[in-house]
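Colleague: The file below is data-v8.cif, mmCIF, C-alpha atoms (C1' of nucleotides):
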```
data_my_file
#
loop_
_atom_site.group_PDB
_atom_site.id
_atom_site.type_symbol
_atom_site.label_atom_id
_atom_site.label_comp_id
_atom_site.auth_asym_id
_atom_site.auth_seq_id
_atom_site.Cartn_x
_atom_site.Cartn_y
_atom_site.Cartn_z
ATOM 1 C CA MET L 20 86.321 124.841 117.203
ATOM 2 C CA PRO L 21 84.866 123.158 114.109
ATOM 3 C CA THR L 22 81.877 120.830 114.307
ATOM 4 C CA ASN L 23 82.334 117.145 113.750
ATOM 5 C CA ASP L 24 81.183 117.393 110.134
ATOM 6 C CA GLU L 25 83.490 120.325 109.491
ATOM 7 C CA THR L 26 86.373 118.414 111.043
ATOM 8 C CA ILE L 27 85.735 115.516 108.694
ATOM 9 C CA GLU L 28 85.569 117.905 105.758
ATOM 10 C CA ILE L 29 88.842 119.544 106.759
ATOM 11 C CA ALA L 30 90.493 116.166 107.191
ATOM 12 C CA GLU L 31 89.328 115.248 103.713
ATOM 13 C CA MET L 32 91.029 118.309 102.251
ATOM 14 C CA PHE L 33 94.258 117.606 104.136
ATOM 15 C CA ARG L 34 94.101 113.998 103.041
ATOM 16 C CA LEU L 35 93.834 115.036 99.404
ATOM 17 C CA MET L 36 96.858 117.299 99.805
ATOM 18 C CA GLY L 37 98.689 114.491 101.560
ATOM 19 C CA ASP L 38 99.718 112.519 98.512
ATOM 20 C CA PRO L 39 103.025 113.558 96.888
ATOM 21 C CA THR L 40 101.730 113.289 93.331
ATOM 22 C CA ARG L 41 98.573 115.229 94.108
ATOM 23 C CA LEU L 42 100.518 117.852 96.044
ATOM 24 C CA LYS L 43 102.927 118.308 93.134
ATOM 25 C CA ILE L 44 99.951 118.834 90.841
ATOM 26 C CA LEU L 45 98.440 121.290 93.291
ATOM 27 C CA ILE L 46 101.657 123.248 93.684
ATOM 28 C CA GLN L 47 101.999 123.582 89.923
ATOM 29 C CA CYS L 48 98.489 125.027 89.828
ATOM 30 C CA LEU L 49 99.095 127.655 92.502
ATOM 31 C CA ASP L 50 100.269 130.445 90.211
ATOM 32 C CA GLY L 51 97.828 129.976 87.370
ATOM 33 C CA PRO L 52 96.024 127.529 85.080
ATOM 34 C CA VAL L 53 98.049 124.599 83.759
ATOM 35 C CA ALA L 54 96.952 122.091 81.139
ATOM 36 C CA VAL L 55 96.675 118.413 82.041
ATOM 37 C CA GLY L 56 99.422 117.342 79.664
ATOM 38 C CA ASP L 57 101.780 119.926 81.126
ATOM 39 C CA LEU L 58 100.951 118.746 84.643
ATOM 40 C CA ALA L 59 101.911 115.229 83.626
ATOM 41 C CA ARG L 60 105.208 116.492 82.232
ATOM 42 C CA LEU L 61 105.943 118.761 85.180
ATOM 43 C CA THR L 62 105.161 116.164 87.835
ATOM 44 C CA GLY L 63 106.583 113.161 86.023
ATOM 45 C CA ALA L 64 103.341 111.239 86.492
ATOM 46 C CA SER L 65 101.417 109.483 83.755
ATOM 47 C CA GLN L 66 98.552 111.256 82.007
ATOM 48 C CA SER L 67 96.109 108.734 83.389
ATOM 49 C CA LEU L 68 97.293 109.132 86.949
ATOM 50 C CA VAL L 69 97.176 112.906 86.710
ATOM 51 C CA SER L 70 93.627 112.739 85.400
ATOM 52 C CA HIS L 71 92.548 110.458 88.227
ATOM 53 C CA HIS L 72 94.039 112.809 90.793
ATOM 54 C CA LEU L 73 92.576 115.862 89.102
ATOM 55 C CA ARG L 74 89.136 114.376 89.423
ATOM 56 C CA LEU L 75 89.534 114.086 93.188
ATOM 57 C CA LEU L 76 90.975 117.585 93.537
ATOM 58 C CA ARG L 77 88.196 118.992 91.364
ATOM 59 C CA ALA L 78 85.468 117.173 93.290
ATOM 60 C CA ALA L 79 86.812 118.614 96.545
ATOM 61 C CA ARG L 80 86.841 122.128 95.021
ATOM 62 C CA ILE L 81 90.566 122.344 95.584
ATOM 63 C CA LEU L 82 91.189 122.838 91.884
ATOM 64 C CA ALA L 83 88.935 124.392 89.265
ATOM 65 C CA ALA L 84 88.861 123.213 85.653
ATOM 66 C CA GLU L 85 88.397 125.300 82.531
ATOM 67 C CA ARG L 86 88.334 123.994 78.981
ATOM 68 C CA ARG L 87 89.999 125.934 76.157
ATOM 69 C CA GLY L 88 89.779 124.041 72.915
ATOM 70 C CA LYS L 89 91.244 120.592 73.250
ATOM 71 C CA LYS L 90 93.048 121.340 76.450
ATOM 72 C CA VAL L 91 91.692 121.564 79.965
ATOM 73 C CA TYR L 92 93.366 123.933 82.373
ATOM 74 C CA TYR L 93 93.408 123.504 86.123
ATOM 75 C CA ALA L 94 94.065 126.166 88.743
ATOM 76 C CA ALA L 95 93.821 126.511 92.524
ATOM 77 C CA ALA L 96 90.193 127.102 93.435
ATOM 78 C CA ASP L 97 90.749 130.148 95.634
ATOM 79 C CA ASP L 98 93.153 132.090 97.820
ATOM 80 C CA HIS L 99 92.467 129.983 100.904
ATOM 81 C CA ILE L 100 93.802 126.909 99.183
ATOM 82 C CA ARG L 101 96.822 128.888 98.086
ATOM 83 C CA SER L 102 97.494 130.215 101.594
ATOM 84 C CA VAL L 103 97.162 126.816 103.251
ATOM 85 C CA VAL L 104 99.655 125.285 100.857
ATOM 86 C CA THR L 105 102.112 128.176 100.929
ATOM 87 C CA ASP L 106 101.879 128.286 104.734
ATOM 88 C CA MET L 107 102.931 124.664 104.901
ATOM 89 C CA ILE L 108 105.703 125.247 102.369
ATOM 90 C CA ASP L 109 106.994 128.077 104.536
ATOM 91 C CA HIS L 110 106.716 125.886 107.615
ATOM 92 C CA VAL L 111 108.896 123.170 106.151
ATOM 93 C CA ALA L 112 111.350 125.645 104.654
ATOM 94 C CA GLU L 113 112.059 127.267 108.030
ATOM 95 C CA PRO L 114 114.723 125.912 110.387
ATOM 96 C CA LEU L 115 113.659 123.975 113.462
ATOM 97 C CA GLU L 116 112.594 126.098 116.418
ATOM 98 C CA ASP L 117 113.680 125.818 120.040
ATOM 99 C CA GLY L 118 111.772 123.216 122.002
ATOM 100 C CA ASP L 119 111.145 125.435 125.046
ATOM 101 C CA ALA L 120 108.393 127.582 123.578
ATOM 102 C CA MET Y 21 108.719 126.198 94.781
ATOM 103 C CA PRO Y 22 109.759 123.421 97.148
ATOM 104 C CA THR Y 23 112.249 120.743 96.167
ATOM 105 C CA ASN Y 24 111.090 117.204 95.579
ATOM 106 C CA ASP Y 25 112.157 116.115 99.069
ATOM 107 C CA GLU Y 26 110.423 119.094 100.629
ATOM 108 C CA THR Y 27 107.282 118.324 98.665
ATOM 109 C CA ILE Y 28 107.287 114.780 99.989
ATOM 110 C CA GLU Y 29 107.819 116.098 103.506
ATOM 111 C CA ILE Y 30 104.933 118.541 103.157
ATOM 112 C CA ALA Y 31 102.682 115.832 101.766
ATOM 113 C CA GLU Y 32 103.554 113.676 104.752
ATOM 114 C CA MET Y 33 102.413 116.412 107.123
ATOM 115 C CA PHE Y 34 99.187 116.955 105.221
ATOM 116 C CA ARG Y 35 98.612 113.217 105.161
ATOM 117 C CA LEU Y 36 98.971 113.021 108.921
ATOM 118 C CA MET Y 37 96.443 115.819 109.327
ATOM 119 C CA GLY Y 38 94.175 114.088 106.860
ATOM 120 C CA ASP Y 39 92.714 111.495 109.178
ATOM 121 C CA PRO Y 40 89.619 112.588 111.149
ATOM 122 C CA THR Y 41 90.735 111.008 114.416
ATOM 123 C CA ARG Y 42 94.218 112.480 114.171
ATOM 124 C CA LEU Y 43 92.845 115.876 113.178
ATOM 125 C CA LYS Y 44 90.486 115.871 116.172
ATOM 126 C CA ILE Y 45 93.434 115.114 118.418
ATOM 127 C CA LEU Y 46 95.456 117.867 116.793
ATOM 128 C CA ILE Y 47 92.662 120.426 117.098
ATOM 129 C CA GLN Y 48 92.275 119.647 120.797
ATOM 130 C CA CYS Y 49 95.984 120.317 121.238
ATOM 131 C CA LEU Y 50 95.961 123.695 119.502
ATOM 132 C CA ASP Y 51 95.252 125.822 122.566
ATOM 133 C CA GLY Y 52 97.470 124.066 125.053
ATOM 134 C CA PRO Y 53 98.727 120.752 126.443
ATOM 135 C CA VAL Y 54 96.167 117.993 126.868
ATOM 136 C CA ALA Y 55 96.704 114.644 128.580
ATOM 137 C CA VAL Y 56 96.326 111.421 126.580
ATOM 138 C CA GLY Y 57 93.361 110.227 128.603
ATOM 139 C CA ASP Y 58 91.562 113.511 128.062
ATOM 140 C CA LEU Y 59 92.270 113.320 124.335
ATOM 141 C CA ALA Y 60 90.632 109.909 124.266
ATOM 142 C CA ARG Y 61 87.586 111.273 126.065
ATOM 143 C CA LEU Y 62 87.371 114.428 123.966
ATOM 144 C CA THR Y 63 87.742 112.661 120.632
ATOM 145 C CA GLY Y 64 85.737 109.561 121.501
ATOM 146 C CA ALA Y 65 88.574 107.324 120.355
ATOM 147 C CA SER Y 66 90.072 104.487 122.381
ATOM 148 C CA GLN Y 67 93.163 105.084 124.477
ATOM 149 C CA SER Y 68 95.132 102.693 122.329
ATOM 150 C CA LEU Y 69 94.143 104.366 119.093
ATOM 151 C CA VAL Y 70 94.950 107.790 120.475
ATOM 152 C CA SER Y 71 98.372 106.581 121.571
ATOM 153 C CA HIS Y 72 99.079 105.122 118.141
ATOM 154 C CA HIS Y 73 98.135 108.364 116.458
ATOM 155 C CA LEU Y 74 100.088 110.437 118.961
ATOM 156 C CA ARG Y 75 103.192 108.500 118.097
ATOM 157 C CA LEU Y 76 102.852 109.449 114.434
ATOM 158 C CA LEU Y 77 102.098 113.093 115.206
ATOM 159 C CA ARG Y 78 105.020 113.228 117.617
ATOM 160 C CA ALA Y 79 107.412 111.615 115.159
ATOM 161 C CA ALA Y 80 106.460 114.201 112.538
ATOM 162 C CA ARG Y 81 107.038 117.011 115.062
ATOM 163 C CA ILE Y 82 103.432 118.102 114.692
ATOM 164 C CA LEU Y 83 102.814 117.547 118.391
ATOM 165 C CA ALA Y 84 105.240 117.783 121.291
ATOM 166 C CA ALA Y 85 104.979 115.570 124.363
ATOM 167 C CA GLU Y 86 105.741 116.480 127.951
ATOM 168 C CA ARG Y 87 105.457 114.178 130.934
ATOM 169 C CA ARG Y 88 104.100 115.402 134.281
ATOM 170 C CA GLY Y 89 103.892 112.609 136.765
ATOM 171 C CA LYS Y 90 101.827 109.761 135.448
ATOM 172 C CA LYS Y 91 100.281 111.769 132.686
ATOM 173 C CA VAL Y 92 101.748 112.806 129.357
ATOM 174 C CA TYR Y 93 100.596 116.075 127.851
ATOM 175 C CA TYR Y 94 100.580 116.816 124.149
ATOM 176 C CA ALA Y 95 100.503 120.233 122.481
ATOM 177 C CA ALA Y 96 100.938 121.660 118.978
ATOM 178 C CA ALA Y 97 104.637 121.796 118.189
ATOM 179 C CA ASP Y 98 104.734 125.413 117.021
ATOM 180 C CA ASP Y 99 102.798 128.342 115.580
ATOM 181 C CA HIS Y 100 103.183 127.175 111.994
ATOM 182 C CA ILE Y 101 101.240 124.040 112.743
ATOM 183 C CA ARG Y 102 98.608 126.126 114.470
ATOM 184 C CA SER Y 103 98.311 128.559 111.568
ATOM 185 C CA VAL Y 104 98.033 125.822 108.949
ATOM 186 C CA VAL Y 105 95.223 124.141 110.835
ATOM 187 C CA THR Y 106 93.369 127.321 111.719
ATOM 188 C CA ASP Y 107 93.723 128.534 108.134
ATOM 189 C CA MET Y 108 92.013 125.418 106.909
ATOM 190 C CA ILE Y 109 89.330 125.717 109.573
ATOM 191 C CA ASP Y 110 88.652 129.272 108.421
ATOM 192 C CA HIS Y 111 88.595 128.125 104.818
ATOM 193 C CA VAL Y 112 85.922 125.536 105.452
ATOM 194 C CA ALA Y 113 83.920 127.854 107.701
ATOM 195 C CA GLU Y 114 83.633 130.524 105.002
ATOM 196 C CA PRO Y 115 80.852 130.484 102.420
ATOM 197 C CA LEU Y 116 81.672 129.478 98.849
ATOM 198 C CA GLU Y 117 83.244 132.192 96.720
ATOM 199 C CA ASP Y 118 82.270 133.317 93.242
ATOM 200 C CA GLY Y 119 83.790 131.239 90.480
ATOM 201 C CA ASP Y 120 84.941 134.215 88.370
ATOM 202 C CA ALA Y 121 87.968 135.182 90.475
ATOM 203 C "C1'" DT B 5 107.032 95.216 147.234
ATOM 204 C "C1'" DT B 6 102.376 95.199 145.596
ATOM 205 C "C1'" DA B 7 98.566 97.571 143.688
ATOM 206 C "C1'" DA B 8 96.699 101.109 140.870
ATOM 207 C "C1'" DT B 9 96.788 104.413 137.273
ATOM 208 C "C1'" DA B 10 98.361 106.218 132.779
ATOM 209 C "C1'" DT B 11 100.456 105.532 128.536
ATOM 210 C "C1'" DA B 12 102.780 102.853 124.914
ATOM 211 C "C1'" DT B 13 103.462 98.966 121.817
ATOM 212 C "C1'" DG B 14 103.013 94.645 118.821
ATOM 213 C "C1'" DA B 15 100.253 91.648 116.132
ATOM 214 C "C1'" DA B 16 96.347 90.867 113.335
ATOM 215 C "C1'" DT B 17 92.854 92.436 110.198
ATOM 216 C "C1'" DA B 18 89.616 94.726 107.446
ATOM 217 C "C1'" DC B 19 89.543 98.347 104.463
ATOM 218 C "C1'" DA B 20 91.082 102.232 101.695
ATOM 219 C "C1'" DT B 21 93.827 103.931 97.932
ATOM 220 C "C1'" DG B 22 97.640 104.986 94.569
ATOM 221 C "C1'" DT B 23 99.070 103.223 90.272
ATOM 222 C "C1'" DT B 24 98.918 100.905 85.739
ATOM 223 C "C1'" DC B 25 96.771 99.347 81.586
ATOM 224 C "C1'" DA B 26 93.414 99.514 78.288
ATOM 225 C "C1'" DT B 27 89.876 102.048 76.426
ATOM 226 C "C1'" DA B 28 86.364 105.631 76.004
ATOM 227 C "C1'" DT B 29 85.041 110.462 75.229
ATOM 228 C "C1'" DA B 30 85.679 115.174 73.563
ATOM 229 C "C1'" DT B 31 87.709 118.624 70.432
ATOM 230 C "C1'" DT B 32 90.052 120.143 66.468
ATOM 231 C "C1'" DT B 33 92.105 119.400 61.797
ATOM 232 C "C1'" DT B 34 92.280 117.608 57.189
ATOM 233 C "C1'" DA H 19 83.751 111.815 57.066
ATOM 234 C "C1'" DA H 20 88.283 110.106 59.239
ATOM 235 C "C1'" DA H 21 92.483 111.062 61.667
ATOM 236 C "C1'" DA H 22 94.888 113.265 65.360
ATOM 237 C "C1'" DT H 23 95.266 115.262 69.755
ATOM 238 C "C1'" DA H 24 93.905 115.870 74.644
ATOM 239 C "C1'" DT H 25 91.598 114.268 78.503
ATOM 240 C "C1'" DA H 26 88.734 111.085 81.200
ATOM 241 C "C1'" DT H 27 87.270 106.624 82.992
ATOM 242 C "C1'" DG H 28 86.810 101.602 84.546
ATOM 243 C "C1'" DA H 29 88.883 97.488 86.147
ATOM 244 C "C1'" DA H 30 92.451 95.157 88.508
ATOM 245 C "C1'" DC H 31 96.083 94.919 91.734
ATOM 246 C "C1'" DA H 32 99.389 95.704 95.134
ATOM 247 C "C1'" DT H 33 100.333 98.298 98.944
ATOM 248 C "C1'" DG H 34 99.297 101.181 102.811
ATOM 249 C "C1'" DT H 35 96.813 102.103 107.013
ATOM 250 C "C1'" DA H 36 93.227 102.883 110.654
ATOM 251 C "C1'" DT H 37 91.416 100.189 114.189
ATOM 252 C "C1'" DT H 38 91.010 96.596 117.806
ATOM 253 C "C1'" DC H 39 92.721 93.485 121.213
ATOM 254 C "C1'" DA H 40 95.959 92.014 124.301
ATOM 255 C "C1'" DT H 41 99.857 93.160 126.755
ATOM 256 C "C1'" DA H 42 103.939 95.729 128.174
ATOM 257 C "C1'" DT H 43 106.104 99.758 130.335
ATOM 258 C "C1'" DA H 44 106.282 103.794 133.353
ATOM 259 C "C1'" DT H 45 104.907 106.423 137.406
ATOM 260 C "C1'" DT H 46 102.721 107.080 141.772
ATOM 261 C "C1'" DA H 47 100.214 105.306 146.001
ATOM 262 C "C1'" DA H 48 99.713 102.070 149.814
#
```
Please render this file's structure as structure tokens.
Modeller:
Amino acid sequence: MPTNDETIEIAEMFRLMGDPTRLKILIQCLDGPVAVGDLARLTGASQSLVSHHLRLLRAARILAAERRGKKVYYAAADDHIRSVVTDMIDHVAEPLEDGDA
Amino acid sequence: MPTNDETIEIAEMFRLMGDPTRLKILIQCLDGPVAVGDLARLTGASQSLVSHHLRLLRAARILAAERRGKKVYYAAADDHIRSVVTDMIDHVAEPLEDGDA
DNA sequence: TTAATATATGAATACATGTTCATATATTTT
DNA sequence: AAAATATATGAACATGTATTCATATATTAA
């Protein structure tokens, strides 16, 4: 059972994953580093909006940034992030279970 | 890679888990059914607020309700929900990893 | 039926937040 | 140096939402 502070921290991470635009960005970053411009293209969001969201995801250590020349590449911070997201993807992908569990 | 609709659905689940009060409720329901009144006591939130949140969690099939006499008991809907939450708890509990992964 | 307990709901509100627009900063190229 | 490309940031706004308060509904007890 997490402490109160941990619970708030966990909620904060879920909250950040709980916006469709941010989640799309995050999903695109699961398999490897993606440049900001590409994220904008892939998600259909504006460059500005993507940048704003990236700042939040970076601050929460959900994504990690790395600069290569003019471009900045973002990738999932670690395997835990990846597993939480893929777990939820699997959850939604599966058919509904029986109610009498 | 989830479809756009699936992504929105996943974001909605994360969003619901992303509020501290709701997450506290959800965590209390991980190990077994808990009555509404007890959830209010355990989380320190008002009965009304707990009920409002329970409605959202129930509607999203994150929690399942079962009535026994006067009381209504809530529990995590399935193992996927449990694993997503416990995964995140483990993630936060662990020390920071090296950046050169 | 009335009273008591347990939960749910509707309205109102204060606050948070996602998005856009304009602009600033950083990096490379010429 | 200036121009071009890529990303970041600040302000403003419109919308969403967590919470409270009062009240309604459901179930059991007397």
Colleague: Please, which residues of chain B lie no more than 8 Å from chain L when the count uses only C-alpha atoms (C1' of nucleotides), and can they be set out as a list of chain:residue names?
Modeller: B:DT23, B:DA30, B:DT31, B:DT32
Colleague: Pick out the chain L residues within 8 Å of chain Y. Count all atoms listed in the file. Give them as a PyMOL selection string.
Modeller: chain L and resi 20-21+25-39+42-43+46+97+99-100+102-103+106-108+110-112+116+120
Colleague: Hey, which bits of chain H sit within 10 Å of chain Y, and for each residue what's the closest pair of atoms and how far apart in Å (one decimal), counting only C-alpha atoms (C1' of nucleotides), rows by chain and increasing number, as CSV?
Modeller:
```
residue,atom,partner,partner_atom,distance
H:DA36,C1',Y:Leu69,CA,8.6
H:DT37,C1',Y:Leu69,CA,7.0
H:DT38,C1',Y:Leu69,CA,8.5
H:DC39,C1',Y:Ser68,CA,9.6
H:DA44,C1',Y:Lys90,CA,7.7
H:DT45,C1',Y:Lys90,CA,4.9
H:DT46,C1',Y:Lys90,CA,6.9
```
Colleague: Evaluate the PyMOL selection byres ((chain H and resi 34) around 12) against this structure - the residues, as a PyMOL selection string, please.
Modeller: (chain B and resi 19-22) or (chain H and resi 32-33+35-36)
Colleague: Over all C-alpha pairs taken in order, what is the RMSD once chain Y has been least-squares superposed onto chain L?
Modeller: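 Rounded to one decimal, the C-alpha RMSD is 0.1 Å.
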Colleague: Could you work out how far atom C1' of DA47 of chain H lies from atom CA of Ala60 of chain Y, giving the answer in Å with one decimal?
Modeller: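 So the two atoms, atom CA of Ala60 of chain Y and atom C1' of DA47 of chain H, lie 24.2 Å apart.
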Colleague: I'd like the contact shell of DT29 of chain B - 10 Å cut-off, only C-alpha atoms (C1' of nucleotides), skipping same-chain residues fewer than 3 positions apart - returned as number ranges by chain.
Modeller: H: 25-27
Colleague: Find the distance between atom C1' of DA48 of chain H and atom C1' of DA7 of chain B and write it in Å to one decimal.
Modeller: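 Going from atom C1' of DA48 of chain H over to atom C1' of DA7 of chain B, I get 7.7 Å.
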Colleague: What does the structure give for the distance between atom CA of Leu46 of chain Y and atom C1' of DT9 of chain B, in Å to one decimal?
Modeller: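 Calculated distance between atom CA of Leu46 of chain Y and atom C1' of DT9 of chain B is 24.5 Å.
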Colleague: Could you give me, as JSON, numbers by chain, the residues within 12 Å of DT41 of chain H, counting all atoms listed in the file and dropping anything in the same chain fewer than 4 positions from it?
Modeller: {"Y": [68], "B": [12, 13, 14, 15]}
Colleague: Using all atoms listed in the file, find the one residue out of B:DT34, B:DA10, B:DC25, B:DT17 that sits nearest to DA30 of chain H.
Modeller: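 Going through B:DT34, B:DA10, B:DC25, B:DT17 one by one, the smallest distance to DA30 of chain H is for B:DC25.
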Colleague: Find the residue from Y:Leu62, Y:Ala96, Y:Leu83, Y:Gly57 that sits nearest to DT11 of chain B; use all atoms listed in the file when measuring.
Modeller: Y:Gly57
